[in-house]
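To start, the structure itself, in structure tokens.
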Amino acid sequence: MLAERLRDVAPDALVEVVDHHVRSELGGLRADVLLADYRIAGLWPVLRPDDPTQGLLAEQTFAARCFARQEPMVEDVPETPGVRQYVPLTVWGERLGILVADFPARPDDATVRHCRAIADDLAVALRAADRDTDRYRLARRRQRLSMAAEMQWDLLPGRCVTDHGYVLAGQLEPAYRTSGDNFDWAVNRGRLTVTVVNGNGTGLAASALTSLAVNAMRNARRSGGTLVEQAELASDTLFAAHRGTRPIEALLLEYDAGSGHVKAVDAGSPRAWRVRDGAVAPVVLEEQLPLGMFEENRYGVQTFELSVGDRLFVVSDGVHCAAPGGRESYGQRHLAAAFRSARLSPPAQAIGAVMRALHDYHGDIELEDDAVIVCLDRTHPVDGTAGVVDQTTPERMVEAAPG
């Protein structure tokens, strides 16, 4: 079986195994993998860097449409004797890229199903192999990362995840020279924890500070700690290291997939907006002290609800406070327009659309600050997974401002 062969080979040889399998088992002419780059702006081949199938996702190519629609597609290719099959490479909702296979004639339904099974096995293998080889990261990089960005990308959990009843996606810019902003998430038994961090400062110092905070929150979470305990351990850790001189701002969320109930700890400038029935409104939370500002900072939990069909955006201050060239800040008006324009797109594409709108607002000016955008859709109700409200921490209901 292909899955067994993928497990047996070296982590940097996965695509060669798939190429051989397509040739020997399906009668194909060749196969390759196109991976999405760090900005999710283009698809780039692993085996054949000069292959003409590569290209920008903004272009209306078959490869781009396969990636966007997440559906297999077949293209007649004049320069080959036959056709080209495109199949999305996706694992737990994360869009890695696409599998490309050339055949001498249009593949039948059984061959298309086989290609989909190959893509499913390969996507899982690629996700696992990324820890042990640089090959696939090299294919995704279109320029060298700064040292701070290298640290930040290793800290990220992924760029999309799908579970029962919700879809979540996130993106970080500028992809190749980001400093301190970050997002993190974890799925645990029907509960989704999401954090967005506004790192303090620039370069390596900001990246190291964010890494300390995120790992402290992970340590508390993986030890069974509540959302409050995650915030407080991060705050205590930062204060112990910097004595209040290097606080950071963060928004911590815990979403219950069964009930749509969201707990929040607001420790600074990341902001949340809820999109409901086409209306966009900020989620109004009482802002508490940044993490690490004072010794033994203590935090309270606030709550709000996501109904089926709701969308939640969380953005860092590099988005909502962006003021390129001294212009007015991007702010709520521009954000609301961007959120509305992306309302029909799935989260992975919606964050790309909002990020492009932010870049358009900057014009020829580079992003002056890191920008994080996270998007969560509650797609349908989930039976039997509603969480139990934590009785140890007082909570207050906070409603979104009228839209």
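In the structure tokens, chains take letters A, B, ... by order of appearance, with residues numbered from 1 within each chain and ligands from 1 in the order shown.
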Quiz item: Hey, what does DSSP flag as helix (DSSP H, G or I) within range 87-187 of chain A? Can you give it to me as a ChimeraX atom specification?
Solution: /A:109-129,135-140,147-155
Within 9 Å of range 362-366 of chain A using only C-alpha atoms, minus same-chain residues under 4 positions, as a PDB file with N, CA and C atoms, in the first residue's frame:
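File written: out-v5.pdb
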ATOM      1  N   PRO A 174       4.244  40.644   7.705  1.00  0.00           N
ATOM      2  CA  PRO A 174       4.894  40.220   6.456  1.00  0.00           C
ATOM      3  C   PRO A 174       5.582  38.874   6.650  1.00  0.00           C
ATOM      4  N   ALA A 322      -3.190  50.111  11.679  1.00  0.00           N
ATOM      5  CA  ALA A 322      -2.261  50.460  10.606  1.00  0.00           C
ATOM      6  C   ALA A 322      -2.574  51.853  10.067  1.00  0.00           C
ATOM      7  N   ALA A 323      -1.518  52.695   9.977  1.00  0.00           N
ATOM      8  CA  ALA A 323      -1.671  54.068   9.475  1.00  0.00           C
ATOM      9  C   ALA A 323      -0.518  54.380   8.523  1.00  0.00           C
ATOM     10  N   PRO A 324      -0.505  53.768   7.344  1.00  0.00           N
ATOM     11  CA  PRO A 324       0.630  53.923   6.432  1.00  0.00           C
ATOM     12  C   PRO A 324       0.812  55.363   5.976  1.00  0.00           C
ATOM     13  N   GLY A 325       2.047  55.830   6.037  1.00  0.00           N
ATOM     14  CA  GLY A 325       2.350  57.169   5.556  1.00  0.00           C
ATOM     15  C   GLY A 325       1.628  58.276   6.291  1.00  0.00           C
ATOM     16  N   ALA A 357      -6.713  43.426   1.128  1.00  0.00           N
ATOM     17  CA  ALA A 357      -7.307  44.756   1.302  1.00  0.00           C
ATOM     18  C   ALA A 357      -6.410  45.634   2.158  1.00  0.00           C
ATOM     19  N   LEU A 358      -5.774  45.042   3.186  1.00  0.00           N
ATOM     20  CA  LEU A 358      -4.835  45.790   4.017  1.00  0.00           C
ATOM     21  C   LEU A 358      -3.627  46.236   3.199  1.00  0.00           C
TER      22      LEU A 358
END
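Separating CA of Glu305 in chain A from CA of His164 in chain A is a distance of 17.3 Å.
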Quiz item: In Å, how far is it from CA of Arg327 in chain A to CA of His359 in chain A?
Solution: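 If I compute the distance from CA of Arg327 in chain A to CA of His359 in chain A, I get 13.8 Å.
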Exercise. Would you mind reading off the distance between CA of Phe339 in chain A and CA of Val301 in chain A, one decimal, in Å?
Key: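 These two atoms are separated by 26.5 Å.
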Exercise. Determine the nearest neighbour of Leu89 in chain A from the options A:Val77, A:Leu34, A:Ala41, A:Arg243, counting only C-alpha atoms.
Key: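 Closest to Leu89 in chain A, using only C-alpha atoms: A:Leu34.
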Exercise. Determine which residues of range 238-347 of chain A receive a DSSP assignment of strand (DSSP E or B), computed from the backbone, and state them as an NGL selection string.
Key: :A and (248-256 or 261-267 or 271-276 or 279-282 or 291 or 301-305 or 311-315)
Any chance you could export the current selection's C-alpha atoms as a PDB file, in the first residue's frame?
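Ended up saving to selection34.pdb:
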ATOM      1  CA  ILE A 248       2.932  41.971  25.671  1.00  0.00           C
ATOM      2  CA  GLU A 249      -0.720  42.246  24.695  1.00  0.00           C
ATOM      3  CA  ALA A 250      -2.858  39.240  23.877  1.00  0.00           C
ATOM      4  CA  LEU A 251      -6.383  37.977  23.390  1.00  0.00           C
ATOM      5  CA  LEU A 252      -7.105  34.446  24.606  1.00  0.00           C
ATOM      6  CA  LEU A 253     -10.279  32.638  23.512  1.00  0.00           C
ATOM      7  CA  GLU A 254     -11.790  29.250  24.307  1.00  0.00           C
ATOM      8  CA  TYR A 255     -14.600  28.170  21.974  1.00  0.00           C
ATOM      9  CA  ASP A 256     -17.006  25.348  22.849  1.00  0.00           C
ATOM     10  CA  HIS A 261     -20.014  29.625  23.952  1.00  0.00           C
ATOM     11  CA  VAL A 262     -16.752  31.613  23.867  1.00  0.00           C
ATOM     12  CA  LYS A 263     -14.670  32.518  26.903  1.00  0.00           C
ATOM     13  CA  ALA A 264     -12.271  35.431  26.531  1.00  0.00           C
ATOM     14  CA  VAL A 265      -9.357  36.944  28.410  1.00  0.00           C
ATOM     15  CA  ASP A 266      -8.601  40.365  26.926  1.00  0.00           C
ATOM     16  CA  ALA A 267      -5.055  41.430  27.832  1.00  0.00           C
ATOM     17  CA  ARG A 271      -9.483  42.955  18.596  1.00  0.00           C
ATOM     18  CA  ALA A 272     -12.401  40.673  17.692  1.00  0.00           C
ATOM     19  CA  TRP A 273     -15.298  41.306  15.296  1.00  0.00           C
ATOM     20  CA  ARG A 274     -18.372  39.157  14.812  1.00  0.00           C
ATOM     21  CA  VAL A 275     -20.116  38.860  11.441  1.00  0.00           C
ATOM     22  CA  ARG A 276     -23.758  37.827  11.763  1.00  0.00           C
ATOM     23  CA  ALA A 279     -23.728  42.745   9.798  1.00  0.00           C
ATOM     24  CA  VAL A 280     -20.282  43.404  11.266  1.00  0.00           C
ATOM     25  CA  ALA A 281     -19.879  44.449  14.909  1.00  0.00           C
ATOM     26  CA  PRO A 282     -16.962  44.548  17.329  1.00  0.00           C
ATOM     27  CA  LEU A 291       0.779  40.106  30.182  1.00  0.00           C
ATOM     28  CA  VAL A 301     -13.029  35.768  32.049  1.00  0.00           C
ATOM     29  CA  GLN A 302     -15.689  37.392  29.880  1.00  0.00           C
ATOM     30  CA  THR A 303     -18.005  35.503  27.539  1.00  0.00           C
ATOM     31  CA  PHE A 304     -19.957  35.890  24.319  1.00  0.00           C
ATOM     32  CA  GLU A 305     -21.763  33.577  21.927  1.00  0.00           C
ATOM     33  CA  ARG A 311     -18.038  34.348  11.720  1.00  0.00           C
ATOM     34  CA  LEU A 312     -15.447  35.682  14.150  1.00  0.00           C
ATOM     35  CA  PHE A 313     -12.410  37.692  13.032  1.00  0.00           C
ATOM     36  CA  VAL A 314      -9.510  38.431  15.379  1.00  0.00           C
ATOM     37  CA  VAL A 315      -6.845  40.885  14.224  1.00  0.00           C
TER      38      VAL A 315
END
Exercise. Find the spatial neighbours of Gly97 in chain A, counting only C-alpha atoms, within a cut-off of 10 Å - ignore same-chain residues fewer than 5 positions away - and output them as an MDAnalysis selection string.
Key: chainID A and resid 33:37 40 42:45 63:64 66:68 70 87:90 119 123 140
Practice problem: With a distance cut-off of 12 Å and only C-alpha atoms, select the neighbouring residues of Ser146 in chain A, excluding the residue or stretch itself and same-chain residues fewer than 5 positions from it, and output the selection as a list in words. | Solution: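 Within the cut-off, the hits are Arg141, Met151, Gln152, Trp153, Pro174, Ala175, Tyr176, Arg177, Thr178, Ser179, Thr202, Gly203, Leu204 and Ser207 of chain A.
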Self-check item: Contacts of range 222-233 of chain A at 7 Å (only C-alpha atoms; same-chain gap of 6+ positions) as a VMD selection string
Solution: chain A and resid 216 265 297 to 301
Prev. selection, all heavy atoms, output as a PDB file, in the first residue's frame:
ATOM      1  N   ALA A 216       4.641  29.573  27.465  1.00  0.00           N
ATOM      2  CA  ALA A 216       4.069  29.563  28.815  1.00  0.00           C
ATOM      3  C   ALA A 216       2.578  29.240  28.766  1.00  0.00           C
ATOM      4  O   ALA A 216       2.074  28.449  29.580  1.00  0.00           O
ATOM      5  CB  ALA A 216       4.303  30.913  29.492  1.00  0.00           C
ATOM      6  N   VAL A 265     -10.199  36.146  27.531  1.00  0.00           N
ATOM      7  CA  VAL A 265      -9.357  36.944  28.410  1.00  0.00           C
ATOM      8  C   VAL A 265      -8.708  38.004  27.531  1.00  0.00           C
ATOM      9  O   VAL A 265      -7.899  37.675  26.660  1.00  0.00           O
ATOM     10  CB  VAL A 265      -8.289  36.096  29.130  1.00  0.00           C
ATOM     11  CG1 VAL A 265      -7.347  37.006  29.912  1.00  0.00           C
ATOM     12  CG2 VAL A 265      -8.935  35.082  30.066  1.00  0.00           C
ATOM     13  N   ASN A 297      -0.103  39.597  38.054  1.00  0.00           N
ATOM     14  CA  ASN A 297      -1.317  40.048  37.358  1.00  0.00           C
ATOM     15  C   ASN A 297      -2.378  38.962  37.464  1.00  0.00           C
ATOM     16  O   ASN A 297      -2.080  37.775  37.287  1.00  0.00           O
ATOM     17  CB  ASN A 297      -1.019  40.267  35.869  1.00  0.00           C
ATOM     18  CG  ASN A 297      -0.477  41.647  35.579  1.00  0.00           C
ATOM     19  OD1 ASN A 297      -0.334  42.475  36.474  1.00  0.00           O
ATOM     20  ND2 ASN A 297      -0.191  41.897  34.310  1.00  0.00           N
ATOM     21  N   ARG A 298      -3.607  39.354  37.722  1.00  0.00           N
ATOM     22  CA  ARG A 298      -4.692  38.387  37.771  1.00  0.00           C
ATOM     23  C   ARG A 298      -5.776  38.814  36.802  1.00  0.00           C
ATOM     24  O   ARG A 298      -6.038  40.005  36.614  1.00  0.00           O
ATOM     25  CB  ARG A 298      -5.250  38.262  39.200  1.00  0.00           C
ATOM     26  CG  ARG A 298      -4.233  37.619  40.160  1.00  0.00           C
ATOM     27  CD  ARG A 298      -3.851  36.215  39.684  1.00  0.00           C
ATOM     28  NE  ARG A 298      -2.760  35.616  40.446  1.00  0.00           N
ATOM     29  CZ  ARG A 298      -1.527  35.452  39.980  1.00  0.00           C
ATOM     30  NH1 ARG A 298      -1.205  35.897  38.762  1.00  0.00           N
ATOM     31  NH2 ARG A 298      -0.603  34.860  40.704  1.00  0.00           N
ATOM     32  N   TYR A 299      -6.423  37.812  36.177  1.00  0.00           N
ATOM     33  CA  TYR A 299      -7.321  38.082  35.058  1.00  0.00           C
ATOM     34  C   TYR A 299      -8.697  37.477  35.290  1.00  0.00           C
ATOM     35  O   TYR A 299      -8.847  36.476  35.994  1.00  0.00           O
ATOM     36  CB  TYR A 299      -6.722  37.520  33.756  1.00  0.00           C
ATOM     37  CG  TYR A 299      -5.444  38.224  33.369  1.00  0.00           C
ATOM     38  CD1 TYR A 299      -4.209  37.754  33.820  1.00  0.00           C
ATOM     39  CD2 TYR A 299      -5.465  39.383  32.611  1.00  0.00           C
ATOM     40  CE1 TYR A 299      -3.030  38.404  33.498  1.00  0.00           C
ATOM     41  CE2 TYR A 299      -4.301  40.049  32.279  1.00  0.00           C
ATOM     42  CZ  TYR A 299      -3.089  39.556  32.729  1.00  0.00           C
ATOM     43  OH  TYR A 299      -1.932  40.222  32.415  1.00  0.00           O
ATOM     44  N   GLY A 300      -9.703  38.092  34.701  1.00  0.00           N
ATOM     45  CA  GLY A 300     -11.063  37.587  34.738  1.00  0.00           C
ATOM     46  C   GLY A 300     -11.512  37.167  33.347  1.00  0.00           C
ATOM     47  O   GLY A 300     -10.983  37.621  32.331  1.00  0.00           O
ATOM     48  N   VAL A 301     -12.495  36.285  33.310  1.00  0.00           N
ATOM     49  CA  VAL A 301     -13.029  35.768  32.049  1.00  0.00           C
ATOM     50  C   VAL A 301     -14.303  36.512  31.692  1.00  0.00           C
ATOM     51  O   VAL A 301     -15.149  36.778  32.550  1.00  0.00           O
ATOM     52  CB  VAL A 301     -13.306  34.261  32.154  1.00  0.00           C
ATOM     53  CG1 VAL A 301     -14.105  33.760  30.970  1.00  0.00           C
ATOM     54  CG2 VAL A 301     -11.998  33.487  32.255  1.00  0.00           C
TER      55      VAL A 301
END
Exercise. Extract, using only C-alpha atoms, all DNA, RNA and protein residues at most 12 Å from Cys375 in chain A, discarding same-chain residues fewer than 2 positions from it, and format them as number ranges by chain.
Key: A: 159-162, 166-171, 183, 185, 194-196, 271-275, 310-315, 339, 342-343, 345-355, 372-373, 377-378
Residues just named, written with C-alpha atoms as a PDB file, in the first residue's frame:
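After the write, part.pdb holds the following:
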ATOM      1  CA  ARG A 159      -2.752  27.929   8.887  1.00  0.00           C
ATOM      2  CA  CYS A 160      -6.108  26.172   8.900  1.00  0.00           C
ATOM      3  CA  VAL A 161      -7.949  23.514  10.873  1.00  0.00           C
ATOM      4  CA  THR A 162     -11.398  21.996  10.471  1.00  0.00           C
ATOM      5  CA  TYR A 166     -16.263  24.910  12.720  1.00  0.00           C
ATOM      6  CA  VAL A 167     -13.509  26.020  10.345  1.00  0.00           C
ATOM      7  CA  LEU A 168     -10.540  28.102  11.511  1.00  0.00           C
ATOM      8  CA  ALA A 169      -7.784  29.837   9.535  1.00  0.00           C
ATOM      9  CA  GLY A 170      -4.975  32.267  10.310  1.00  0.00           C
ATOM     10  CA  GLN A 171      -2.306  34.232   8.478  1.00  0.00           C
ATOM     11  CA  PHE A 183      -1.338  33.271  16.698  1.00  0.00           C
ATOM     12  CA  TRP A 185      -4.521  27.304  18.601  1.00  0.00           C
ATOM     13  CA  VAL A 194      -7.143  30.409  20.162  1.00  0.00           C
ATOM     14  CA  THR A 195      -4.643  33.099  21.143  1.00  0.00           C
ATOM     15  CA  VAL A 196      -3.479  36.158  19.222  1.00  0.00           C
ATOM     16  CA  ARG A 271      -9.483  42.955  18.596  1.00  0.00           C
ATOM     17  CA  ALA A 272     -12.401  40.673  17.692  1.00  0.00           C
ATOM     18  CA  TRP A 273     -15.298  41.306  15.296  1.00  0.00           C
ATOM     19  CA  ARG A 274     -18.372  39.157  14.812  1.00  0.00           C
ATOM     20  CA  VAL A 275     -20.116  38.860  11.441  1.00  0.00           C
ATOM     21  CA  ASP A 310     -21.584  33.421  12.628  1.00  0.00           C
ATOM     22  CA  ARG A 311     -18.038  34.348  11.720  1.00  0.00           C
ATOM     23  CA  LEU A 312     -15.447  35.682  14.150  1.00  0.00           C
ATOM     24  CA  PHE A 313     -12.410  37.692  13.032  1.00  0.00           C
ATOM     25  CA  VAL A 314      -9.510  38.431  15.379  1.00  0.00           C
ATOM     26  CA  VAL A 315      -6.845  40.885  14.224  1.00  0.00           C
ATOM     27  CA  PHE A 339     -15.023  41.595   6.313  1.00  0.00           C
ATOM     28  CA  ALA A 342     -15.121  38.348   2.113  1.00  0.00           C
ATOM     29  CA  ARG A 343     -18.313  37.044   3.747  1.00  0.00           C
ATOM     30  CA  SER A 345     -15.490  32.992   1.046  1.00  0.00           C
ATOM     31  CA  PRO A 346     -14.374  30.169   3.364  1.00  0.00           C
ATOM     32  CA  PRO A 347     -12.019  31.267   6.170  1.00  0.00           C
ATOM     33  CA  ALA A 348      -8.787  30.315   4.382  1.00  0.00           C
ATOM     34  CA  GLN A 349      -9.726  32.560   1.451  1.00  0.00           C
ATOM     35  CA  ALA A 350     -11.404  35.226   3.587  1.00  0.00           C
ATOM     36  CA  ILE A 351      -8.233  35.977   5.544  1.00  0.00           C
ATOM     37  CA  GLY A 352      -6.364  36.259   2.254  1.00  0.00           C
ATOM     38  CA  ALA A 353      -8.937  38.737   0.945  1.00  0.00           C
ATOM     39  CA  VAL A 354      -8.766  40.847   4.117  1.00  0.00           C
ATOM     40  CA  MET A 355      -4.964  40.782   4.057  1.00  0.00           C
ATOM     41  CA  VAL A 372      -2.252  38.773  12.196  1.00  0.00           C
ATOM     42  CA  ILE A 373      -5.707  37.801  10.957  1.00  0.00           C
ATOM     43  CA  ASP A 377     -16.682  30.090  11.291  1.00  0.00           C
ATOM     44  CA  ARG A 378     -19.319  28.230  13.276  1.00  0.00           C
TER      45      ARG A 378
END
Quiz item: Hey, what's within 10 Å of His380 in chain A if we count only C-alpha atoms and toss same-chain stuff fewer than 5 positions away? As a list of chain:residue names, please?
Solution: A:His164, A:Gly165, A:Tyr166, A:Ala257, A:Gly258, A:Gly260, A:Ser307, A:Val308, A:Gly309, A:Asp310
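The nearest approach to Asp383 in chain A among the residues A:Thr210, A:Ser259, A:Thr61, A:Gln332, with only C-alpha atoms taken into account, belongs to A:Ser259.
Nearest to Phe103 in chain A of all the residues A:Val74, A:Val17, A:Leu155, A:Ala241 is A:Val74, counting only C-alpha atoms.
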